[in-house]
Structures are given as structure tokens and as C-alpha cells.
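S.K.: So I've got this file, work39.tsv, and it contains TSV, C-alpha atoms:
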```tsv
chain	number	residue	atom	x	y	z
A	20	MET	CA	-52.19	-129.24	-29.25
A	21	SER	CA	-50.03	-127.45	-31.68
A	22	GLU	CA	-51.89	-124.20	-31.13
A	23	LEU	CA	-48.95	-122.57	-29.27
A	24	PRO	CA	-47.71	-119.53	-31.16
A	25	ARG	CA	-44.44	-120.45	-32.77
A	26	LYS	CA	-41.54	-118.30	-31.83
A	27	PRO	CA	-39.51	-117.34	-34.85
A	28	ARG	CA	-36.38	-119.44	-34.89
A	29	PRO	CA	-33.28	-117.43	-34.16
A	30	GLN	CA	-31.07	-116.80	-37.13
A	31	PHE	CA	-27.34	-116.37	-36.84
A	32	ARG	CA	-25.87	-114.51	-39.71
A	33	ASN	CA	-22.58	-112.76	-40.26
A	34	ILE	CA	-22.20	-109.95	-37.79
A	35	HIS	CA	-22.71	-106.51	-39.26
A	36	VAL	CA	-20.41	-103.57	-38.46
A	37	SER	CA	-23.23	-101.80	-36.63
A	38	GLN	CA	-23.64	-104.76	-34.23
A	39	ILE	CA	-19.99	-104.95	-33.16
A	40	LEU	CA	-20.36	-103.04	-29.91
A	41	GLY	CA	-23.43	-104.96	-28.75
A	42	TYR	CA	-21.89	-108.32	-29.53
A	43	ARG	CA	-20.82	-110.34	-26.50
A	44	LEU	CA	-17.47	-111.72	-27.57
A	45	PRO	CA	-15.89	-114.46	-25.42
A	46	ILE	CA	-12.33	-113.91	-24.19
A	47	THR	CA	-10.99	-116.21	-26.91
A	48	GLY	CA	-12.71	-113.99	-29.48
A	49	VAL	CA	-11.29	-110.86	-27.86
A	50	MET	CA	-7.78	-112.36	-28.03
A	51	SER	CA	-8.39	-113.29	-31.65
A	52	ILE	CA	-9.66	-109.93	-32.90
A	53	LEU	CA	-6.92	-108.09	-30.96
A	54	HIS	CA	-4.38	-110.35	-32.69
A	55	ARG	CA	-5.70	-109.12	-36.02
A	56	ILE	CA	-5.91	-105.48	-34.92
A	57	SER	CA	-2.38	-105.49	-33.47
A	58	GLY	CA	-1.02	-107.13	-36.63
A	59	ALA	CA	-2.74	-104.59	-38.88
A	60	ALA	CA	-1.49	-101.74	-36.69
A	61	MET	CA	2.11	-102.93	-36.98
A	62	PHE	CA	1.69	-103.32	-40.75
A	63	LEU	CA	0.44	-99.74	-41.08
A	64	SER	CA	3.16	-98.34	-38.81
A	65	LEU	CA	5.97	-100.16	-40.62
A	66	PRO	CA	7.55	-96.98	-42.04
A	67	ILE	CA	7.70	-95.53	-38.51
A	68	ILE	CA	9.32	-98.71	-37.20
A	69	VAL	CA	11.90	-98.86	-40.01
A	70	TRP	CA	12.59	-95.13	-39.59
A	71	LEU	CA	13.30	-95.65	-35.86
A	72	PHE	CA	15.50	-98.63	-36.75
A	73	ASP	CA	17.34	-96.45	-39.30
A	74	LEU	CA	17.93	-93.66	-36.75
A	75	SER	CA	19.10	-96.14	-34.13
A	76	LEU	CA	21.81	-97.64	-36.34
A	77	THR	CA	23.02	-95.14	-38.93
A	78	SER	CA	25.38	-93.04	-36.79
A	79	GLU	CA	25.97	-91.58	-33.35
A	80	LEU	CA	24.34	-88.41	-34.62
A	81	SER	CA	21.18	-90.20	-35.83
A	82	TYR	CA	21.12	-92.10	-32.52
A	83	ALA	CA	21.12	-88.76	-30.71
A	84	THR	CA	18.24	-87.64	-32.96
A	85	LEU	CA	16.38	-90.82	-31.99
A	86	MET	CA	16.86	-90.01	-28.32
A	87	ASP	CA	15.49	-86.49	-28.91
A	88	VAL	CA	12.54	-87.77	-30.93
A	89	THR	CA	11.63	-90.41	-28.36
A	90	ASP	CA	11.69	-87.77	-25.63
A	91	LEU	CA	8.49	-86.27	-27.06
A	92	VAL	CA	5.43	-87.43	-25.18
A	93	PHE	CA	3.33	-88.14	-28.26
A	94	VAL	CA	6.15	-90.26	-29.70
A	95	LYS	CA	6.28	-92.14	-26.38
A	96	LEU	CA	2.54	-92.76	-26.71
A	97	ILE	CA	3.03	-94.14	-30.24
A	98	LEU	CA	5.82	-96.35	-28.90
A	99	CYS	CA	3.51	-97.57	-26.14
A	100	GLY	CA	0.91	-98.48	-28.75
A	101	LEU	CA	3.47	-100.29	-30.89
A	102	ALA	CA	4.91	-102.08	-27.86
A	103	TRP	CA	1.43	-103.27	-26.92
A	104	ALA	CA	0.73	-104.38	-30.52
A	105	PHE	CA	3.96	-106.36	-30.66
A	106	ILE	CA	3.59	-107.92	-27.20
A	107	HIS	CA	-0.06	-108.81	-27.73
A	108	HIS	CA	0.67	-110.30	-31.15
A	109	PHE	CA	3.56	-112.29	-29.65
A	110	PHE	CA	1.45	-113.85	-26.90
A	111	GLY	CA	-1.53	-114.31	-29.22
A	112	GLY	CA	0.80	-116.12	-31.60
A	113	VAL	CA	2.12	-118.41	-28.88
A	114	ARG	CA	-1.49	-119.17	-27.96
A	115	HIS	CA	-2.20	-120.15	-31.59
A	116	LEU	CA	0.85	-122.42	-31.68
A	117	ILE	CA	-0.30	-124.09	-28.46
A	118	SER	CA	-3.76	-124.68	-29.93
A	119	ASP	CA	-2.11	-126.13	-33.04
A	120	MET	CA	-0.65	-128.82	-30.79
A	121	HIS	CA	-4.24	-129.58	-29.67
A	122	ILE	CA	-3.53	-128.29	-26.17
A	123	GLY	CA	-6.34	-126.44	-24.43
A	124	ILE	CA	-8.96	-126.67	-27.14
A	125	THR	CA	-11.88	-127.84	-25.03
A	126	LYS	CA	-14.76	-125.56	-24.12
A	127	GLU	CA	-13.49	-125.29	-20.54
A	128	SER	CA	-9.76	-124.89	-21.13
A	129	SER	CA	-9.70	-122.54	-24.12
A	130	PRO	CA	-11.10	-119.49	-22.27
A	131	ARG	CA	-8.73	-120.27	-19.38
A	132	ILE	CA	-5.71	-120.26	-21.69
A	133	ALA	CA	-6.96	-117.12	-23.44
A	134	THR	CA	-7.29	-115.39	-20.04
A	135	VAL	CA	-3.75	-116.39	-19.04
A	136	PHE	CA	-2.32	-115.06	-22.31
A	137	MET	CA	-4.37	-111.89	-22.08
A	138	GLY	CA	-2.95	-111.37	-18.60
A	139	LEU	CA	0.62	-112.01	-19.77
A	140	SER	CA	0.16	-109.62	-22.67
A	141	LEU	CA	-1.13	-106.87	-20.36
A	142	VAL	CA	1.52	-107.37	-17.66
A	143	VAL	CA	4.44	-107.38	-20.14
A	144	SER	CA	2.91	-104.36	-21.93
A	145	LEU	CA	2.72	-102.53	-18.62
A	146	LEU	CA	6.43	-103.24	-18.03
A	147	ALA	CA	7.21	-101.95	-21.53
A	148	TRP	CA	5.14	-98.79	-20.96
A	149	LEU	CA	6.91	-98.10	-17.66
A	150	SER	CA	10.24	-98.58	-19.38
A	151	ILE	CA	9.26	-96.24	-22.26
A	152	PHE	CA	8.39	-93.53	-19.76
A	153	GLY	CA	11.65	-94.13	-17.90
A	154	VAL	CA	10.00	-95.33	-14.70
A	155	LEU	CA	11.61	-98.73	-14.96
B	8	MET	CA	-17.57	-120.10	-67.47
B	9	ALA	CA	-17.69	-120.38	-63.68
B	10	ASP	CA	-18.97	-123.95	-63.71
B	11	ALA	CA	-16.76	-125.26	-66.46
B	12	PRO	CA	-15.27	-128.41	-64.93
B	13	ILE	CA	-11.53	-128.27	-64.61
B	14	GLY	CA	-10.04	-131.67	-63.96
B	15	GLN	CA	-11.60	-135.04	-64.71
B	16	LYS	CA	-13.93	-135.75	-61.81
B	17	ARG	CA	-15.06	-132.59	-60.17
B	18	LEU	CA	-15.18	-128.85	-60.30
B	19	VAL	CA	-11.83	-127.66	-59.08
B	20	VAL	CA	-11.92	-124.27	-57.46
B	21	GLY	CA	-9.67	-122.21	-55.24
B	22	ALA	CA	-6.00	-121.55	-55.44
B	23	HIS	CA	-5.09	-124.37	-53.01
B	24	TYR	CA	-2.72	-122.29	-50.99
B	25	GLY	CA	-4.50	-122.91	-47.67
B	26	LEU	CA	-2.09	-125.42	-46.17
B	27	ARG	CA	0.97	-123.65	-47.55
B	28	ASP	CA	-0.14	-120.35	-45.99
B	29	TRP	CA	-1.12	-121.94	-42.71
B	30	LEU	CA	2.23	-123.71	-42.41
B	31	SER	CA	4.37	-120.79	-43.56
B	32	GLN	CA	2.54	-118.53	-41.11
B	33	ARG	CA	3.57	-120.91	-38.29
B	34	ILE	CA	7.17	-121.31	-39.44
B	35	THR	CA	7.71	-117.58	-39.91
B	36	ALA	CA	6.04	-116.98	-36.53
B	37	ILE	CA	8.47	-119.35	-34.80
B	38	VAL	CA	11.44	-117.61	-36.44
B	39	LEU	CA	10.07	-114.21	-35.36
B	40	GLY	CA	9.29	-115.36	-31.83
B	41	CYS	CA	12.81	-116.76	-31.35
B	42	TYR	CA	14.36	-113.65	-32.89
B	43	SER	CA	12.34	-111.34	-30.59
B	44	VAL	CA	13.51	-113.16	-27.49
B	45	VAL	CA	17.16	-113.23	-28.67
B	46	LEU	CA	17.03	-109.52	-29.60
B	47	VAL	CA	15.61	-108.45	-26.24
B	48	VAL	CA	18.12	-110.59	-24.29
B	49	ALA	CA	21.08	-109.45	-26.47
B	50	ALA	CA	20.06	-105.79	-26.11
B	51	LEU	CA	19.79	-106.13	-22.33
B	52	LEU	CA	23.19	-107.85	-22.17
B	53	ALA	CA	24.91	-105.30	-24.44
B	54	PRO	CA	28.43	-104.57	-23.12
B	55	GLU	CA	27.84	-100.82	-23.17
B	56	PRO	CA	24.72	-98.67	-23.26
B	57	GLY	CA	23.88	-96.27	-26.08
B	58	TYR	CA	24.83	-96.25	-29.75
B	59	TYR	CA	28.01	-98.37	-29.59
B	60	GLY	CA	26.45	-101.21	-27.66
B	61	TRP	CA	23.40	-101.27	-29.96
B	62	SER	CA	25.23	-100.93	-33.30
B	63	GLY	CA	27.96	-103.31	-32.11
B	64	LEU	CA	25.28	-105.94	-31.70
B	65	PHE	CA	24.14	-105.59	-35.32
B	66	ALA	CA	27.74	-105.42	-36.61
B	67	GLN	CA	28.26	-109.09	-35.76
B	68	THR	CA	27.73	-111.54	-38.60
B	69	TRP	CA	25.49	-113.94	-36.68
B	70	MET	CA	23.19	-111.05	-35.71
B	71	LYS	CA	23.15	-109.68	-39.27
B	72	VAL	CA	22.20	-113.09	-40.65
B	73	PHE	CA	19.59	-113.74	-37.94
B	74	THR	CA	18.13	-110.25	-38.41
B	75	LEU	CA	17.90	-110.66	-42.18
B	76	LEU	CA	16.21	-114.03	-41.72
B	77	ALA	CA	13.78	-112.39	-39.28
B	78	PHE	CA	13.09	-109.59	-41.80
B	79	LEU	CA	12.30	-112.11	-44.54
B	80	ALA	CA	10.09	-114.08	-42.13
B	81	PHE	CA	8.43	-110.84	-41.01
B	82	PHE	CA	7.56	-109.62	-44.49
B	83	TYR	CA	6.20	-112.97	-45.63
B	84	HIS	CA	4.22	-113.31	-42.38
B	85	ALA	CA	2.80	-109.81	-42.80
B	86	TRP	CA	1.84	-110.51	-46.41
B	87	VAL	CA	-0.10	-113.65	-45.51
B	88	GLY	CA	-1.77	-111.95	-42.54
B	89	VAL	CA	-2.73	-108.73	-44.28
B	90	ARG	CA	-3.97	-110.56	-47.35
B	91	ASP	CA	-6.19	-112.65	-45.06
B	92	ILE	CA	-7.68	-109.42	-43.72
B	93	TRP	CA	-8.46	-108.17	-47.23
B	94	MET	CA	-9.92	-111.54	-48.24
B	95	ASP	CA	-12.16	-111.55	-45.15
B	96	TYR	CA	-13.57	-108.05	-45.36
B	97	VAL	CA	-13.15	-106.75	-48.90
B	98	LYS	CA	-15.30	-108.47	-51.48
B	99	PRO	CA	-15.17	-106.35	-54.67
B	100	LEU	CA	-12.35	-107.78	-56.75
B	101	SER	CA	-11.05	-104.45	-58.00
B	102	VAL	CA	-10.76	-102.95	-54.51
B	103	ARG	CA	-9.19	-106.12	-53.20
B	104	LEU	CA	-6.66	-106.18	-56.03
B	105	ALA	CA	-5.78	-102.55	-55.39
B	106	LEU	CA	-5.30	-103.20	-51.64
B	107	GLN	CA	-3.20	-106.29	-52.30
B	108	THR	CA	-1.04	-104.35	-54.72
B	109	PHE	CA	-0.64	-101.60	-52.12
B	110	THR	CA	0.28	-104.23	-49.52
B	111	ILE	CA	3.03	-105.70	-51.69
B	112	VAL	CA	4.48	-102.30	-52.58
B	113	TRP	CA	4.30	-101.14	-48.94
B	114	LEU	CA	5.95	-104.31	-47.60
B	115	LEU	CA	8.64	-104.50	-50.30
B	116	GLY	CA	9.48	-100.82	-49.87
B	117	CYS	CA	9.87	-101.20	-46.11
B	118	ALA	CA	11.79	-104.47	-46.55
B	119	ILE	CA	14.32	-102.89	-48.92
B	120	TRP	CA	14.75	-99.92	-46.58
B	121	ALA	CA	15.22	-102.14	-43.51
B	122	ILE	CA	17.74	-104.39	-45.29
B	123	GLU	CA	19.65	-101.36	-46.53
B	124	VAL	CA	19.87	-100.01	-42.95
B	125	LEU	CA	20.98	-103.40	-41.63
B	126	TRP	CA	23.64	-103.84	-44.29
B	127	ARG	CA	25.43	-100.61	-43.72
B	128	VAL	CA	26.03	-101.20	-40.01
```
Take the structure from the file and write it as C-alpha cells.
M.R.:
Amino acid sequence: MSELPRKPRPQFRNIHVSQILGYRLPITGVMSILHRISGAAMFLSLPIIVWLFDLSLTSELSYATLMDVTDLVFVKLILCGLAWAFIHHFFGGVRHLISDMHIGITKESSPRIATVFMGLSLVVSLLAWLSIFGVL
Amino acid sequence: MADAPIGQKRLVVGAHYGLRDWLSQRITAIVLGCYSVVLVVAALLAPEPGYYGWSGLFAQTWMKVFTLLAFLAFFYHAWVGVRDIWMDYVKPLSVRLALQTFTIVWLLGCAIWAIEVLWRV
């Protein structure tokens, strides 16, 4: 009766760096890790952000420098990245606050909410990118 | 040493800053979220474009105070968040200590710079 070969029971351990790409992350997990990545990116770019803030406020001359600097395409790309990081972190944060109020924490509703916030984050980022490149 | 009981009934471990960090992360996030919305709206409604509209916004006392509050909220929020990243991924104590020290110096340096910029508008 109990002759059937036993399948080894699956083990779930902490994910290793080498498994990251093959790991099927649900949308809530994608939102979550992007929240961390966008936060870390803003932390590391802080000197750039404060430098831009400095240029924008110190004088008319520094403001003109800022305009020149932000005309460069690679600076625009950095700004696009920072805009995405901020916008994603903003919407990710609102999603966390909503979960804290115990709204949308069931198995069915949490991926729905994560999808909505992912969409909002991408749409608003797109608007920001268009505005950075002067299209909007 | 590690299992020396501290306290009368049980082994007390951890620094017990979980709730404090969780709550302060939420409060600073709300301040930052409100500030972001106000900043975007105020910048869009600026009476004139360019330097004078932008710097005129930050020259007002309410904006200076709100911006400084947002800076303080930002740097505390970033400290809690970045320290969480180190605590999750970096186990060796010496490396973690070095990264945490770097984080504090990095954040304080940027905070002082940002406040200095804000205060001379």
C-alpha cells in the first residue's frame, strides 16, 4: 500500500540572488520590490537632487545654469528616472497606507489594488517624462 | 553572554523600535505626500514662470516652514527605510555598521546642504 515512491517534499527557503530572474513574483511583490528600489535610488541620488534644488533657487544665474544643464539629453534621462522613482514611491506609499487601514488585503483584492496603483504610477510617470522632454 | 536573561521573566532581545519605526514611517510619509501635492500645485499656480515665480514661492514663510518640515520628515523617512534595507540584506555586523554610518553621514550632509539652500532664499 505504501509502496508508492515518495516525492521529496518541496522546501521553500529564502530566495537566493541567482534565482531572482526565474522567480514568479505576483504584482503585489513587484510593487513592493519597486518601492524599495525606487527609495534606494532616490537615497543614492540625493546629492544630485539637492544640487538641482540649489541651482534652482540660488540666483537667476544659477537658474539659467539649471536650464542649460537640464537641456542635456542624459540629464533629462536621469530626471526621467528620478521622476519615476518619486512617482512610484508615492503611489506605492499610498498603497501601503491603504493596506494599513485593512482595505484590500484579501487574496482577491490585493492584486487588484496593486494593479491599479501600478497603472497610476506608470501613467503619471509617462506624463512626467513627456513634460521633461517638453512634449507636454 | 547571548543567553544571559535580562529582565525577570524572560530573555529580552531586540531593540524594541519596531512600532516606533513603523509609525514614524507612516507619519513622515503622510507629511511628504501632502507636501508633494502642495508643491506641485503651488508650482503650477506660480504667478510667473521661471526663476522669480519659483524662488518667490520659497520666499514665503509658510512655504519655508512646510519645506523644512518636509525635509526633516524626508531625512528621517530615508534613514528608517535605508536602514531596513541594510538590516535585510547585510548580515556581517562590521559591514552593516559601516553602511549605517555612511547612511547617516550621507543623509545629514544632504540635509544640511538642502536647509542651507532653503534658508538663503
S.K.: Enumerate as a PyMOL selection string the residues belonging to chain A that approach chain B to within 8 Å, with all atoms listed in the file taken into account.
M.R.: chain A and resi 55+58-59+62+65-66+69+72-73+75-79+82+109+112+116
S.K.: Could you work out how far atom CA of A:Val94 lies from atom CA of A:Phe152, giving the answer in Å with one decimal?
M.R.: 10.7 Å
S.K.: List as a list of chain:residue names the protein and nucleic acid residues near stretch 136-138 of chain A, meaning an atom at most 9 Å away when only C-alpha atoms are counted, but skip any in the same chain fewer than 5 places from it.
M.R.: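 Once the nearby chain positions are removed, what remains is A:Ile46, A:Met50, A:His107, A:Phe110, A:Gly111, A:Val113, A:Arg114, A:Arg131, A:Val143.
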S.K.: Using C-alpha atoms, can you export the residues from the last selection as a short mmCIF file (atom, residue, chain, number, x, y, z; two decimals), keeping the file's coordinate frame?
M.R.:
```
data_model
loop_
_atom_site.label_atom_id
_atom_site.label_comp_id
_atom_site.auth_asym_id
_atom_site.auth_seq_id
_atom_site.Cartn_x
_atom_site.Cartn_y
_atom_site.Cartn_z
CA ILE A 46 -12.33 -113.91 -24.19
CA MET A 50 -7.78 -112.36 -28.03
CA HIS A 107 -0.06 -108.81 -27.73
CA PHE A 110 1.45 -113.85 -26.90
CA GLY A 111 -1.53 -114.31 -29.22
CA VAL A 113 2.12 -118.41 -28.88
CA ARG A 114 -1.49 -119.17 -27.96
CA ARG A 131 -8.73 -120.27 -19.38
CA VAL A 143 4.44 -107.38 -20.14
#
```
S.K.: From the set A:Ile97, A:Leu146, A:Val49, A:Trp103, which residue has the shortest atom-to-atom contact distance to A:Ile67, counting all atoms listed in the file?
M.R.: A:Ile97
S.K.: Expressed in Å to a single decimal, how great is the separation between atom CA of B:Val72 and atom CA of B:Leu115?
M.R.: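 Distance between the two atoms: 18.7 Å.
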S.K.: Please determine, counting only C-alpha atoms, which residue among B:Ala77, B:Trp69, B:Leu100, B:Asp28 has the shortest atom-to-atom distance to B:Val44.
M.R.: B:Ala77
S.K.: Around the point (14.5, -108.4, -36.7) in the file's coordinates, collect all residues with an atom within 8 Å, using only C-alpha atoms, and return them as a list in words.
M.R.: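 The residues near that point, listed by chain and number, are Leu39, Tyr42, Ser43, Leu46, Phe73, Thr74, Leu75, Leu76, Ala77, Phe78 and Phe81 of chain B.
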S.K.: What is the atom CA of B:Thr35-atom CA of B:Val87 distance in Å, reported with one decimal?
M.R.: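 Taking atom CA of B:Thr35 as the start and atom CA of B:Val87 as the end point, the length is 10.4 Å.
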